[in-house]
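K.L.:
run10.pdb (PDB, C-alpha atoms) pasted underneath:
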MODEL        1
ATOM      1  CA  CYS A   1     -11.466 -45.809 -29.519  1.00  0.00           C
ATOM      2  CA  ALA A   2      -8.751 -48.400 -29.936  1.00  0.00           C
ATOM      3  CA  VAL A   3     -10.391 -51.782 -29.354  1.00  0.00           C
ATOM      4  CA  PRO A   4      -9.211 -55.418 -29.515  1.00  0.00           C
ATOM      5  CA  TYR A   5      -9.806 -57.450 -32.667  1.00  0.00           C
ATOM      6  CA  ILE A   6     -10.149 -60.680 -30.668  1.00  0.00           C
ATOM      7  CA  VAL A   7     -12.911 -61.068 -28.077  1.00  0.00           C
ATOM      8  CA  GLY A   8     -14.177 -63.793 -25.773  1.00  0.00           C
ATOM      9  CA  ARG A   9     -17.436 -65.690 -26.025  1.00  0.00           C
ATOM     10  CA  SER A  10     -19.085 -63.622 -23.270  1.00  0.00           C
ATOM     11  CA  ALA A  11     -18.611 -60.374 -25.238  1.00  0.00           C
ATOM     12  CA  LEU A  12     -20.351 -61.839 -28.290  1.00  0.00           C
ATOM     13  CA  GLU A  13     -23.125 -63.231 -26.111  1.00  0.00           C
ATOM     14  CA  GLY A  14     -23.588 -59.759 -24.673  1.00  0.00           C
ATOM     15  CA  THR A  15     -24.165 -58.113 -28.052  1.00  0.00           C
ATOM     16  CA  GLY A  16     -26.247 -61.026 -29.386  1.00  0.00           C
ATOM     17  CA  GLN A  17     -24.006 -62.627 -32.025  1.00  0.00           C
ATOM     18  CA  LEU A  18     -23.767 -65.754 -29.884  1.00  0.00           C
ATOM     19  CA  PRO A  19     -25.114 -68.326 -29.666  1.00  0.00           C
ATOM     20  CA  LYS A  20     -27.379 -67.785 -32.677  1.00  0.00           C
ATOM     21  CA  PHE A  21     -24.822 -66.725 -35.307  1.00  0.00           C
ATOM     22  CA  GLU A  22     -21.715 -68.696 -34.390  1.00  0.00           C
ATOM     23  CA  GLU A  23     -21.391 -70.141 -37.905  1.00  0.00           C
ATOM     24  CA  ASP A  24     -20.848 -66.602 -39.256  1.00  0.00           C
ATOM     25  CA  LEU A  25     -17.861 -66.001 -36.945  1.00  0.00           C
ATOM     26  CA  PHE A  26     -14.185 -66.908 -37.168  1.00  0.00           C
ATOM     27  CA  ARG A  27     -13.243 -68.844 -34.038  1.00  0.00           C
ATOM     28  CA  LEU A  28      -9.635 -69.280 -32.941  1.00  0.00           C
ATOM     29  CA  SER A  29      -8.499 -72.902 -32.984  1.00  0.00           C
ATOM     30  CA  GLU A  30      -6.976 -72.589 -29.499  1.00  0.00           C
ATOM     31  CA  GLU A  31      -8.451 -71.090 -26.338  1.00  0.00           C
ATOM     32  CA  LEU A  32      -7.183 -67.689 -25.237  1.00  0.00           C
ATOM     33  CA  ASN A  33      -6.689 -67.231 -21.490  1.00  0.00           C
ATOM     34  CA  GLY A  34      -8.727 -70.375 -20.936  1.00  0.00           C
ATOM     35  CA  ARG A  35     -11.795 -69.339 -22.933  1.00  0.00           C
ATOM     36  CA  ASP A  36     -13.148 -69.455 -26.475  1.00  0.00           C
ATOM     37  CA  ALA A  37     -11.974 -66.540 -28.607  1.00  0.00           C
ATOM     38  CA  PHE A  38     -13.243 -65.072 -31.888  1.00  0.00           C
ATOM     39  CA  LEU A  39     -12.249 -62.404 -34.415  1.00  0.00           C
ATOM     40  CA  ILE A  40     -14.620 -59.446 -34.160  1.00  0.00           C
ATOM     41  CA  PRO A  41     -17.396 -59.336 -36.799  1.00  0.00           C
ATOM     42  CA  THR A  42     -17.825 -55.615 -36.063  1.00  0.00           C
ATOM     43  CA  ALA A  43     -16.409 -53.071 -33.615  1.00  0.00           C
ATOM     44  CA  GLU A  44     -19.903 -52.967 -32.095  1.00  0.00           C
ATOM     45  CA  VAL A  45     -18.857 -55.963 -29.983  1.00  0.00           C
ATOM     46  CA  PRO A  46     -15.840 -54.514 -28.112  1.00  0.00           C
ATOM     47  CA  LEU A  47     -17.285 -50.974 -28.015  1.00  0.00           C
ATOM     48  CA  THR A  48     -20.631 -51.957 -26.472  1.00  0.00           C
ATOM     49  CA  ASN A  49     -18.842 -54.200 -23.973  1.00  0.00           C
ATOM     50  CA  LEU A  50     -16.516 -51.450 -22.727  1.00  0.00           C
ATOM     51  CA  HIS A  51     -18.749 -50.966 -19.667  1.00  0.00           C
ATOM     52  CA  ALA A  52     -20.196 -54.481 -19.362  1.00  0.00           C
ATOM     53  CA  GLY A  53     -20.999 -55.384 -15.767  1.00  0.00           C
ATOM     54  CA  GLU A  54     -20.789 -51.752 -14.611  1.00  0.00           C
ATOM     55  CA  ILE A  55     -23.270 -49.368 -13.026  1.00  0.00           C
ATOM     56  CA  LEU A  56     -22.829 -45.951 -14.635  1.00  0.00           C
ATOM     57  CA  SER A  57     -24.031 -42.597 -13.385  1.00  0.00           C
ATOM     58  CA  GLU A  58     -26.969 -41.018 -15.202  1.00  0.00           C
ATOM     59  CA  ALA A  59     -24.942 -37.801 -15.393  1.00  0.00           C
ATOM     60  CA  ASP A  60     -22.382 -39.602 -17.591  1.00  0.00           C
ATOM     61  CA  LEU A  61     -24.982 -40.608 -20.203  1.00  0.00           C
ATOM     62  CA  PRO A  62     -25.215 -40.656 -23.126  1.00  0.00           C
ATOM     63  CA  LEU A  63     -21.849 -42.172 -23.990  1.00  0.00           C
ATOM     64  CA  ALA A  64     -20.768 -42.016 -27.641  1.00  0.00           C
ATOM     65  CA  PHE A  65     -18.007 -44.168 -29.134  1.00  0.00           C
ATOM     66  CA  VAL A  66     -16.467 -44.550 -32.568  1.00  0.00           C
ATOM     67  CA  ALA A  67     -13.894 -47.031 -33.862  1.00  0.00           C
ATOM     68  CA  PHE A  68     -12.316 -47.850 -37.220  1.00  0.00           C
ATOM     69  CA  THR A  69     -11.422 -51.539 -37.374  1.00  0.00           C
ATOM     70  CA  PRO A  70     -11.177 -54.539 -39.650  1.00  0.00           C
ATOM     71  CA  CYS A  71     -14.181 -56.849 -39.448  1.00  0.00           C
ATOM     72  CA  PHE A  72     -14.070 -60.609 -39.973  1.00  0.00           C
ATOM     73  CA  ARG A  73     -17.094 -62.613 -41.129  1.00  0.00           C
ATOM     74  CA  ALA A  74     -17.423 -66.161 -42.401  1.00  0.00           C
ATOM     75  CA  GLU A  75     -20.664 -65.179 -44.206  1.00  0.00           C
ATOM     76  CA  ALA A  76     -21.881 -68.761 -43.899  1.00  0.00           C
ATOM     77  CA  GLY A  77     -25.467 -67.655 -44.451  1.00  0.00           C
ATOM     78  CA  SER A  78     -24.847 -65.728 -47.681  1.00  0.00           C
ATOM     79  CA  TYR A  79     -25.293 -68.886 -49.835  1.00  0.00           C
ATOM     80  CA  GLY A  80     -22.857 -67.724 -52.520  1.00  0.00           C
ATOM     81  CA  LYS A  81     -24.422 -64.284 -52.969  1.00  0.00           C
ATOM     82  CA  ASP A  82     -22.037 -61.399 -53.830  1.00  0.00           C
ATOM     83  CA  THR A  83     -18.971 -63.603 -53.407  1.00  0.00           C
ATOM     84  CA  LYS A  84     -17.027 -61.639 -56.040  1.00  0.00           C
ATOM     85  CA  GLY A  85     -15.837 -58.043 -55.734  1.00  0.00           C
ATOM     86  CA  LEU A  86     -16.011 -55.697 -52.749  1.00  0.00           C
ATOM     87  CA  ILE A  87     -19.668 -55.986 -51.754  1.00  0.00           C
ATOM     88  CA  ARG A  88     -19.347 -59.019 -49.456  1.00  0.00           C
ATOM     89  CA  GLN A  89     -15.962 -59.970 -48.003  1.00  0.00           C
ATOM     90  CA  HIS A  90     -14.564 -62.137 -45.236  1.00  0.00           C
ATOM     91  CA  GLN A  91     -12.411 -59.202 -44.082  1.00  0.00           C
ATOM     92  CA  PHE A  92     -13.223 -55.522 -44.556  1.00  0.00           C
ATOM     93  CA  HIS A  93     -12.789 -52.207 -42.745  1.00  0.00           C
ATOM     94  CA  LYS A  94     -15.648 -50.272 -41.215  1.00  0.00           C
ATOM     95  CA  VAL A  95     -16.265 -47.258 -39.013  1.00  0.00           C
ATOM     96  CA  GLU A  96     -18.606 -48.218 -36.168  1.00  0.00           C
ATOM     97  CA  LEU A  97     -20.735 -45.835 -34.096  1.00  0.00           C
ATOM     98  CA  VAL A  98     -22.065 -46.870 -30.671  1.00  0.00           C
ATOM     99  CA  ARG A  99     -24.115 -45.028 -28.057  1.00  0.00           C
ATOM    100  CA  VAL A 100     -25.105 -45.992 -24.518  1.00  0.00           C
ATOM    101  CA  THR A 101     -28.131 -44.048 -23.289  1.00  0.00           C
ATOM    102  CA  THR A 102     -31.029 -43.907 -20.877  1.00  0.00           C
ATOM    103  CA  PRO A 103     -34.378 -45.322 -22.080  1.00  0.00           C
ATOM    104  CA  GLU A 104     -35.846 -41.800 -22.169  1.00  0.00           C
ATOM    105  CA  THR A 105     -33.240 -40.437 -24.613  1.00  0.00           C
ATOM    106  CA  ALA A 106     -32.619 -43.586 -26.686  1.00  0.00           C
ATOM    107  CA  ALA A 107     -34.975 -42.751 -29.571  1.00  0.00           C
ATOM    108  CA  GLU A 108     -33.451 -39.289 -29.945  1.00  0.00           C
ATOM    109  CA  GLU A 109     -29.916 -40.702 -29.812  1.00  0.00           C
ATOM    110  CA  HIS A 110     -30.822 -43.307 -32.451  1.00  0.00           C
ATOM    111  CA  GLU A 111     -31.928 -40.548 -34.803  1.00  0.00           C
ATOM    112  CA  ALA A 112     -28.734 -38.586 -34.091  1.00  0.00           C
ATOM    113  CA  LEU A 113     -26.482 -41.582 -34.774  1.00  0.00           C
ATOM    114  CA  THR A 114     -28.309 -42.309 -38.036  1.00  0.00           C
ATOM    115  CA  ALA A 115     -27.941 -38.656 -39.047  1.00  0.00           C
ATOM    116  CA  HIS A 116     -24.167 -38.919 -38.554  1.00  0.00           C
ATOM    117  CA  ALA A 117     -23.994 -41.856 -40.968  1.00  0.00           C
ATOM    118  CA  GLU A 118     -26.189 -39.970 -43.437  1.00  0.00           C
ATOM    119  CA  ALA A 119     -23.873 -36.956 -43.185  1.00  0.00           C
ATOM    120  CA  CYS A 120     -21.026 -39.077 -44.577  1.00  0.00           C
ATOM    121  CA  LEU A 121     -23.117 -40.013 -47.621  1.00  0.00           C
ATOM    122  CA  ARG A 122     -24.224 -36.409 -48.147  1.00  0.00           C
ATOM    123  CA  ALA A 123     -20.619 -35.191 -47.876  1.00  0.00           C
ATOM    124  CA  LEU A 124     -19.655 -37.672 -50.608  1.00  0.00           C
ATOM    125  CA  LYS A 125     -22.722 -36.538 -52.608  1.00  0.00           C
ATOM    126  CA  LEU A 126     -23.794 -40.121 -53.154  1.00  0.00           C
ATOM    127  CA  PRO A 127     -27.441 -40.903 -53.979  1.00  0.00           C
ATOM    128  CA  TYR A 128     -28.962 -42.951 -51.166  1.00  0.00           C
ATOM    129  CA  ARG A 129     -32.203 -43.747 -49.431  1.00  0.00           C
ATOM    130  CA  LYS A 130     -33.136 -44.302 -45.780  1.00  0.00           C
ATOM    131  CA  MET A 131     -35.282 -47.360 -45.092  1.00  0.00           C
ATOM    132  CA  ARG A 132     -37.085 -48.077 -41.833  1.00  0.00           C
ATOM    133  CA  LEU A 133     -37.159 -51.861 -41.522  1.00  0.00           C
ATOM    134  CA  CYS A 134     -40.292 -53.806 -40.673  1.00  0.00           C
ATOM    135  CA  SER A 135     -40.193 -56.144 -37.682  1.00  0.00           C
ATOM    136  CA  GLY A 136     -39.630 -59.201 -39.878  1.00  0.00           C
ATOM    137  CA  ASP A 137     -36.400 -57.719 -41.300  1.00  0.00           C
ATOM    138  CA  ILE A 138     -34.944 -56.345 -38.064  1.00  0.00           C
ATOM    139  CA  GLY A 139     -31.948 -58.159 -36.608  1.00  0.00           C
ATOM    140  CA  PHE A 140     -32.121 -60.522 -33.648  1.00  0.00           C
ATOM    141  CA  SER A 141     -31.013 -57.951 -31.053  1.00  0.00           C
ATOM    142  CA  ALA A 142     -32.715 -54.773 -32.340  1.00  0.00           C
ATOM    143  CA  THR A 143     -36.069 -53.180 -31.677  1.00  0.00           C
ATOM    144  CA  HIS A 144     -35.858 -50.454 -34.376  1.00  0.00           C
ATOM    145  CA  CYS A 145     -33.534 -50.232 -37.362  1.00  0.00           C
ATOM    146  CA  TYR A 146     -32.770 -47.916 -40.290  1.00  0.00           C
ATOM    147  CA  ASP A 147     -30.872 -49.162 -43.328  1.00  0.00           C
ATOM    148  CA  LEU A 148     -29.046 -46.598 -45.441  1.00  0.00           C
ATOM    149  CA  GLU A 149     -28.841 -47.866 -49.005  1.00  0.00           C
ATOM    150  CA  VAL A 150     -26.547 -46.301 -51.609  1.00  0.00           C
ATOM    151  CA  TRP A 151     -27.236 -46.369 -55.345  1.00  0.00           C
ATOM    152  CA  LEU A 152     -24.858 -48.596 -57.352  1.00  0.00           C
ATOM    153  CA  PRO A 153     -25.249 -47.931 -61.109  1.00  0.00           C
ATOM    154  CA  GLY A 154     -23.339 -51.119 -61.972  1.00  0.00           C
ATOM    155  CA  GLN A 155     -26.061 -53.208 -60.345  1.00  0.00           C
ATOM    156  CA  GLY A 156     -28.901 -50.818 -61.071  1.00  0.00           C
ATOM    157  CA  ALA A 157     -29.951 -51.144 -57.441  1.00  0.00           C
ATOM    158  CA  PHE A 158     -29.728 -49.629 -53.969  1.00  0.00           C
ATOM    159  CA  ARG A 159     -27.451 -51.641 -51.645  1.00  0.00           C
ATOM    160  CA  GLU A 160     -27.066 -51.397 -47.884  1.00  0.00           C
ATOM    161  CA  ILE A 161     -24.055 -49.371 -46.778  1.00  0.00           C
ATOM    162  CA  SER A 162     -25.054 -48.727 -43.171  1.00  0.00           C
ATOM    163  CA  SER A 163     -27.460 -50.278 -40.689  1.00  0.00           C
ATOM    164  CA  CYS A 164     -28.336 -48.224 -37.588  1.00  0.00           C
ATOM    165  CA  SER A 165     -30.006 -50.212 -34.823  1.00  0.00           C
ATOM    166  CA  HIS A 166     -31.708 -49.292 -31.553  1.00  0.00           C
ATOM    167  CA  CYS A 167     -31.317 -52.391 -29.374  1.00  0.00           C
ATOM    168  CA  GLY A 168     -33.342 -51.211 -26.398  1.00  0.00           C
ATOM    169  CA  ASP A 169     -32.169 -52.960 -23.225  1.00  0.00           C
ATOM    170  CA  PHE A 170     -31.576 -56.306 -24.997  1.00  0.00           C
ATOM    171  CA  GLN A 171     -27.778 -56.086 -25.057  1.00  0.00           C
ATOM    172  CA  ALA A 172     -27.547 -54.268 -21.733  1.00  0.00           C
ATOM    173  CA  ARG A 173     -29.549 -57.017 -20.026  1.00  0.00           C
ATOM    174  CA  ARG A 174     -27.233 -59.709 -21.396  1.00  0.00           C
ATOM    175  CA  MET A 175     -24.048 -57.885 -20.344  1.00  0.00           C
ATOM    176  CA  GLN A 176     -25.496 -56.290 -17.169  1.00  0.00           C
ATOM    177  CA  LEU A 177     -24.827 -52.732 -18.348  1.00  0.00           C
ATOM    178  CA  ARG A 178     -26.770 -50.450 -16.012  1.00  0.00           C
ATOM    179  CA  TYR A 179     -26.923 -46.874 -14.734  1.00  0.00           C
ATOM    180  CA  ARG A 180     -28.123 -45.349 -11.492  1.00  0.00           C
ATOM    181  CA  PRO A 181     -30.749 -42.611 -12.004  1.00  0.00           C
ATOM    182  CA  ALA A 182     -30.192 -39.223 -10.410  1.00  0.00           C
ATOM    183  CA  GLN A 183     -31.557 -39.031  -6.871  1.00  0.00           C
ATOM    184  CA  ALA A 184     -35.007 -37.578  -6.526  1.00  0.00           C
ATOM    185  CA  PRO A 185     -35.507 -35.113  -3.621  1.00  0.00           C
ATOM    186  CA  ALA A 186     -36.832 -36.760  -0.477  1.00  0.00           C
ATOM    187  CA  GLU A 187     -40.414 -36.106   0.564  1.00  0.00           C
ATOM    188  CA  GLY A 188     -41.949 -35.705   4.015  1.00  0.00           C
ATOM    189  CA  GLY A 189     -38.619 -35.360   5.808  1.00  0.00           C
ATOM    190  CA  LYS A 190     -37.441 -38.807   4.700  1.00  0.00           C
ATOM    191  CA  LYS A 191     -33.778 -39.403   3.970  1.00  0.00           C
ATOM    192  CA  ASN A 192     -32.659 -39.630   0.369  1.00  0.00           C
ATOM    193  CA  GLN A 193     -32.267 -43.224  -0.781  1.00  0.00           C
ATOM    194  CA  ALA A 194     -30.053 -44.298  -3.648  1.00  0.00           C
ATOM    195  CA  ALA A 195     -32.110 -45.051  -6.735  1.00  0.00           C
ATOM    196  CA  LYS A 196     -32.048 -48.627  -7.994  1.00  0.00           C
ATOM    197  CA  PRO A 197     -29.913 -49.335 -11.067  1.00  0.00           C
ATOM    198  CA  VAL A 198     -31.722 -49.365 -14.419  1.00  0.00           C
ATOM    199  CA  LEU A 199     -30.699 -51.118 -17.628  1.00  0.00           C
ATOM    200  CA  CYS A 200     -29.131 -48.844 -20.244  1.00  0.00           C
ATOM    201  CA  HIS A 201     -30.235 -48.763 -23.879  1.00  0.00           C
ATOM    202  CA  THR A 202     -27.651 -49.350 -26.619  1.00  0.00           C
ATOM    203  CA  ILE A 203     -27.508 -48.077 -30.206  1.00  0.00           C
ATOM    204  CA  ASN A 204     -25.083 -48.938 -32.985  1.00  0.00           C
ATOM    205  CA  GLY A 205     -24.527 -48.256 -36.661  1.00  0.00           C
ATOM    206  CA  SER A 206     -21.986 -48.231 -39.461  1.00  0.00           C
ATOM    207  CA  GLY A 207     -20.613 -44.968 -40.632  1.00  0.00           C
ATOM    208  CA  LEU A 208     -19.625 -46.373 -43.218  1.00  0.00           C
ATOM    209  CA  ALA A 209     -18.441 -49.732 -44.618  1.00  0.00           C
ATOM    210  CA  VAL A 210     -15.299 -48.623 -46.470  1.00  0.00           C
ATOM    211  CA  GLY A 211     -15.335 -51.211 -49.275  1.00  0.00           C
ATOM    212  CA  ARG A 212     -18.914 -50.521 -50.280  1.00  0.00           C
ATOM    213  CA  ALA A 213     -18.318 -46.763 -50.040  1.00  0.00           C
ATOM    214  CA  LEU A 214     -15.397 -47.144 -52.463  1.00  0.00           C
ATOM    215  CA  VAL A 215     -17.578 -49.094 -54.913  1.00  0.00           C
ATOM    216  CA  ALA A 216     -20.264 -46.387 -54.682  1.00  0.00           C
ATOM    217  CA  VAL A 217     -17.762 -43.588 -55.344  1.00  0.00           C
ATOM    218  CA  LEU A 218     -16.165 -45.384 -58.314  1.00  0.00           C
ATOM    219  CA  GLU A 219     -19.486 -46.242 -59.946  1.00  0.00           C
ATOM    220  CA  ASN A 220     -21.225 -42.906 -59.351  1.00  0.00           C
ATOM    221  CA  TYR A 221     -18.260 -40.690 -60.270  1.00  0.00           C
ATOM    222  CA  GLN A 222     -16.918 -42.550 -63.323  1.00  0.00           C
ATOM    223  CA  ASP A 223     -17.216 -40.792 -66.700  1.00  0.00           C
ATOM    224  CA  ASP A 224     -17.593 -42.267 -70.175  1.00  0.00           C
ATOM    225  CA  ASP A 225     -13.848 -41.986 -70.869  1.00  0.00           C
ATOM    226  CA  GLY A 226     -13.096 -44.236 -67.878  1.00  0.00           C
ATOM    227  CA  SER A 227     -11.782 -41.457 -65.644  1.00  0.00           C
ATOM    228  CA  VAL A 228     -13.149 -41.014 -62.123  1.00  0.00           C
ATOM    229  CA  GLU A 229     -13.866 -37.621 -60.622  1.00  0.00           C
ATOM    230  CA  VAL A 230     -12.617 -37.387 -57.036  1.00  0.00           C
ATOM    231  CA  PRO A 231     -15.416 -36.230 -54.711  1.00  0.00           C
ATOM    232  CA  GLU A 232     -14.693 -32.716 -53.510  1.00  0.00           C
ATOM    233  CA  VAL A 233     -14.684 -33.726 -49.851  1.00  0.00           C
ATOM    234  CA  LEU A 234     -11.899 -36.276 -50.515  1.00  0.00           C
ATOM    235  CA  ARG A 235      -9.581 -34.036 -52.539  1.00  0.00           C
ATOM    236  CA  PRO A 236      -7.612 -32.712 -49.525  1.00  0.00           C
ATOM    237  CA  TYR A 237      -6.727 -36.346 -48.729  1.00  0.00           C
ATOM    238  CA  MET A 238      -5.701 -36.998 -52.352  1.00  0.00           C
ATOM    239  CA  GLY A 239      -3.130 -34.198 -52.572  1.00  0.00           C
ATOM    240  CA  GLY A 240      -5.631 -31.982 -54.387  1.00  0.00           C
ATOM    241  CA  LEU A 241      -6.186 -34.532 -57.170  1.00  0.00           C
ATOM    242  CA  GLU A 242      -9.462 -33.811 -58.953  1.00  0.00           C
ATOM    243  CA  ARG A 243      -9.629 -36.737 -61.393  1.00  0.00           C
ATOM    244  CA  ILE A 244      -8.189 -40.257 -61.588  1.00  0.00           C
ATOM    245  CA  GLN A 245      -7.248 -41.153 -65.149  1.00  0.00           C
ATOM    246  CA  PRO A 246      -7.270 -44.690 -66.584  1.00  0.00           C
ATOM    247  CA  ALA A 247      -3.903 -46.456 -66.651  1.00  0.00           C
ATOM    248  CA  GLY A 248      -1.743 -45.488 -69.631  1.00  0.00           C
ATOM    249  CA  ARG A 249      -3.299 -42.059 -70.089  1.00  0.00           C
TER     250      ARG A 249
ENDMDL
END
Turn the structure described in the file into structure tokens.
P.N.:
Amino acid sequence: CAVPYIVGRSALEGTGQLPKFEEDLFRLSEELNGRDAFLIPTAEVPLTNLHAGEILSEADLPLAFVAFTPCFRAEAGSYGKDTKGLIRQHQFHKVELVRVTTPETAAEEHEALTAHAEACLRALKLPYRKMRLCSGDIGFSATHCYDLEVWLPGQGAFREISSCSHCGDFQARRMQLRYRPAQAPAEGGKKNQAAKPVLCHTINGSGLAVGRALVAVLENYQDDDGSVEVPEVLRPYMGGLERIQPAGR
């Protein structure tokens, strides 16, 4: 999807970034169309809000969206951590995955979305691990979260490269994103009555953060002579190049 990079306060309130995390956002100095406006911290915000205030049909669910956008973060809460290099930046590009589902299928869709992010790491043949977060580490808006952490030899540590969150009906409740269940057959000769709208469940995840993926490729594929082997899956996009040589060689 093509989504805006500037959103209003209500969109960020819907996904849960506001009011709690306003210090981590870049706010425009002037109002836009008479309201506060912010640069998006992730494409999760405009994607999840695509159907805000609507009542969808159960037959249309699940909805799956993907967007590749720049992300803008003040990182006010990072306290100077990872301020150099590509690990933590004020502006970076990321592929975002979002799903809107019924409560009954949400857990299955969460697993599917996470598997899509994992498929990117497997295609790049990068060593990684999948971590199920405990409740104390889960974000403000989520009820269940997996972190995918890639191995970075330069740091000798696994670092998060994707976070896949099942938000339950938290975001949908804030943005009034609902669906109408399929009609059940009437009993005892009664007329069919339209089912009452039910809150959707929302799921989101990165697939992947481009800067961190680049760091992982460079560190895991570099040889002793300084050259970097190009992962096989990327070679068609590199004109068939198999190895990047150091400058001057």
K.L.:
For this structure, which residues satisfy the selection - the PyMOL selection byres ((chain A and resi 10) around 12) - when it is evaluated on the file as given? I want them as a PyMOL selection string.
P.N.:
chain A and resi 6-9+11-19+35-38+45-46+49+52-53+171+174-176
K.L.:
Could you tell me how far atom CA of His166 of chain A sits from atom CA of Val198 of chain A, in Å to one decimal place?
P.N.:
17.1 Å
K.L.:
Name the residues that the PyMOL selection byres ((chain A and resi 146) around 10) picks from the file above, as a PyMOL selection string, using the file's chain letters and numbers.
P.N.:
chain A and resi 110-111+114+130-134+138+144-145+147-149+162-166+205
K.L.:
Go ahead and compute the interatomic distance for atom CA of Glu75 of chain A and atom CA of Gln89 of chain A, in Å to one decimal.
P.N.:
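Value for the atom CA of Glu75 of chain A-atom CA of Gln89 of chain A distance: 8.0 Å.
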K.L.:
Once 6 Å is added on each side, what are the centre and the three edge lengths, in Å to one decimal, of the axis-aligned box enclosing the listed atoms of segment 193-206 of chain A? Present them as lines of an AutoDock Vina configuration file.
P.N.:
center_x = -27.1
center_y = -47.2
center_z = -20.1
size_x = 22.3
size_y = 19.9
size_z = 50.7
K.L.:
Would you kindly place N, CA, C and O atoms on segment 225-239 of chain A and return the model as a JSON list (two decimals), in the frame of the given file?
P.N.:
[["chain", "number", "residue", "atom", "x", "y", "z"],
["A", 225, "ASP", "N", -15.22, -41.72, -70.42],
["A", 225, "ASP", "CA", -13.85, -41.99, -70.87],
["A", 225, "ASP", "C", -13.08, -42.88, -69.90],
["A", 225, "ASP", "O", -11.88, -43.13, -70.10],
["A", 226, "GLY", "N", -13.74, -43.35, -68.84],
["A", 226, "GLY", "CA", -13.10, -44.24, -67.88],
["A", 226, "GLY", "C", -12.46, -43.53, -66.71],
["A", 226, "GLY", "O", -12.07, -44.17, -65.72],
["A", 227, "SER", "N", -12.35, -42.21, -66.76],
["A", 227, "SER", "CA", -11.78, -41.46, -65.64],
["A", 227, "SER", "C", -12.80, -41.35, -64.52],
["A", 227, "SER", "O", -14.01, -41.47, -64.73],
["A", 228, "VAL", "N", -12.28, -41.12, -63.30],
["A", 228, "VAL", "CA", -13.15, -41.01, -62.12],
["A", 228, "VAL", "C", -12.90, -39.67, -61.45],
["A", 228, "VAL", "O", -11.77, -39.35, -61.06],
["A", 229, "GLU", "N", -13.96, -38.89, -61.33],
["A", 229, "GLU", "CA", -13.87, -37.62, -60.62],
["A", 229, "GLU", "C", -13.73, -37.90, -59.12],
["A", 229, "GLU", "O", -14.45, -38.73, -58.57],
["A", 230, "VAL", "N", -12.80, -37.22, -58.47],
["A", 230, "VAL", "CA", -12.62, -37.39, -57.04],
["A", 230, "VAL", "C", -13.63, -36.50, -56.32],
["A", 230, "VAL", "O", -13.68, -35.29, -56.57],
["A", 231, "PRO", "N", -14.46, -37.07, -55.45],
["A", 231, "PRO", "CA", -15.42, -36.23, -54.71],
["A", 231, "PRO", "C", -14.70, -35.07, -54.02],
["A", 231, "PRO", "O", -13.60, -35.24, -53.47],
["A", 232, "GLU", "N", -15.32, -33.93, -54.04],
["A", 232, "GLU", "CA", -14.69, -32.72, -53.51],
["A", 232, "GLU", "C", -14.23, -32.88, -52.07],
["A", 232, "GLU", "O", -13.16, -32.41, -51.69],
["A", 233, "VAL", "N", -15.02, -33.58, -51.27],
["A", 233, "VAL", "CA", -14.68, -33.73, -49.85],
["A", 233, "VAL", "C", -13.43, -34.57, -49.65],
["A", 233, "VAL", "O", -12.77, -34.48, -48.60],
["A", 234, "LEU", "N", -13.07, -35.41, -50.63],
["A", 234, "LEU", "CA", -11.90, -36.28, -50.52],
["A", 234, "LEU", "C", -10.63, -35.66, -51.10],
["A", 234, "LEU", "O", -9.53, -36.19, -50.88],
["A", 235, "ARG", "N", -10.74, -34.59, -51.84],
["A", 235, "ARG", "CA", -9.58, -34.04, -52.54],
["A", 235, "ARG", "C", -8.44, -33.61, -51.61],
["A", 235, "ARG", "O", -7.27, -33.81, -51.95],
["A", 236, "PRO", "N", -8.73, -33.05, -50.43],
["A", 236, "PRO", "CA", -7.61, -32.71, -49.52],
["A", 236, "PRO", "C", -6.79, -33.93, -49.11],
["A", 236, "PRO", "O", -5.61, -33.81, -48.78],
["A", 237, "TYR", "N", -7.43, -35.12, -49.11],
["A", 237, "TYR", "CA", -6.73, -36.35, -48.73],
["A", 237, "TYR", "C", -6.06, -37.02, -49.93],
["A", 237, "TYR", "O", -5.37, -38.03, -49.77],
["A", 238, "MET", "N", -6.28, -36.46, -51.12],
["A", 238, "MET", "CA", -5.70, -37.00, -52.35],
["A", 238, "MET", "C", -4.68, -36.03, -52.95],
["A", 238, "MET", "O", -4.41, -36.08, -54.16],
["A", 239, "GLY", "N", -4.13, -35.16, -52.09],
["A", 239, "GLY", "CA", -3.13, -34.20, -52.57],
["A", 239, "GLY", "C", -3.69, -33.20, -53.56],
["A", 239, "GLY", "O", -2.96, -32.68, -54.41]]
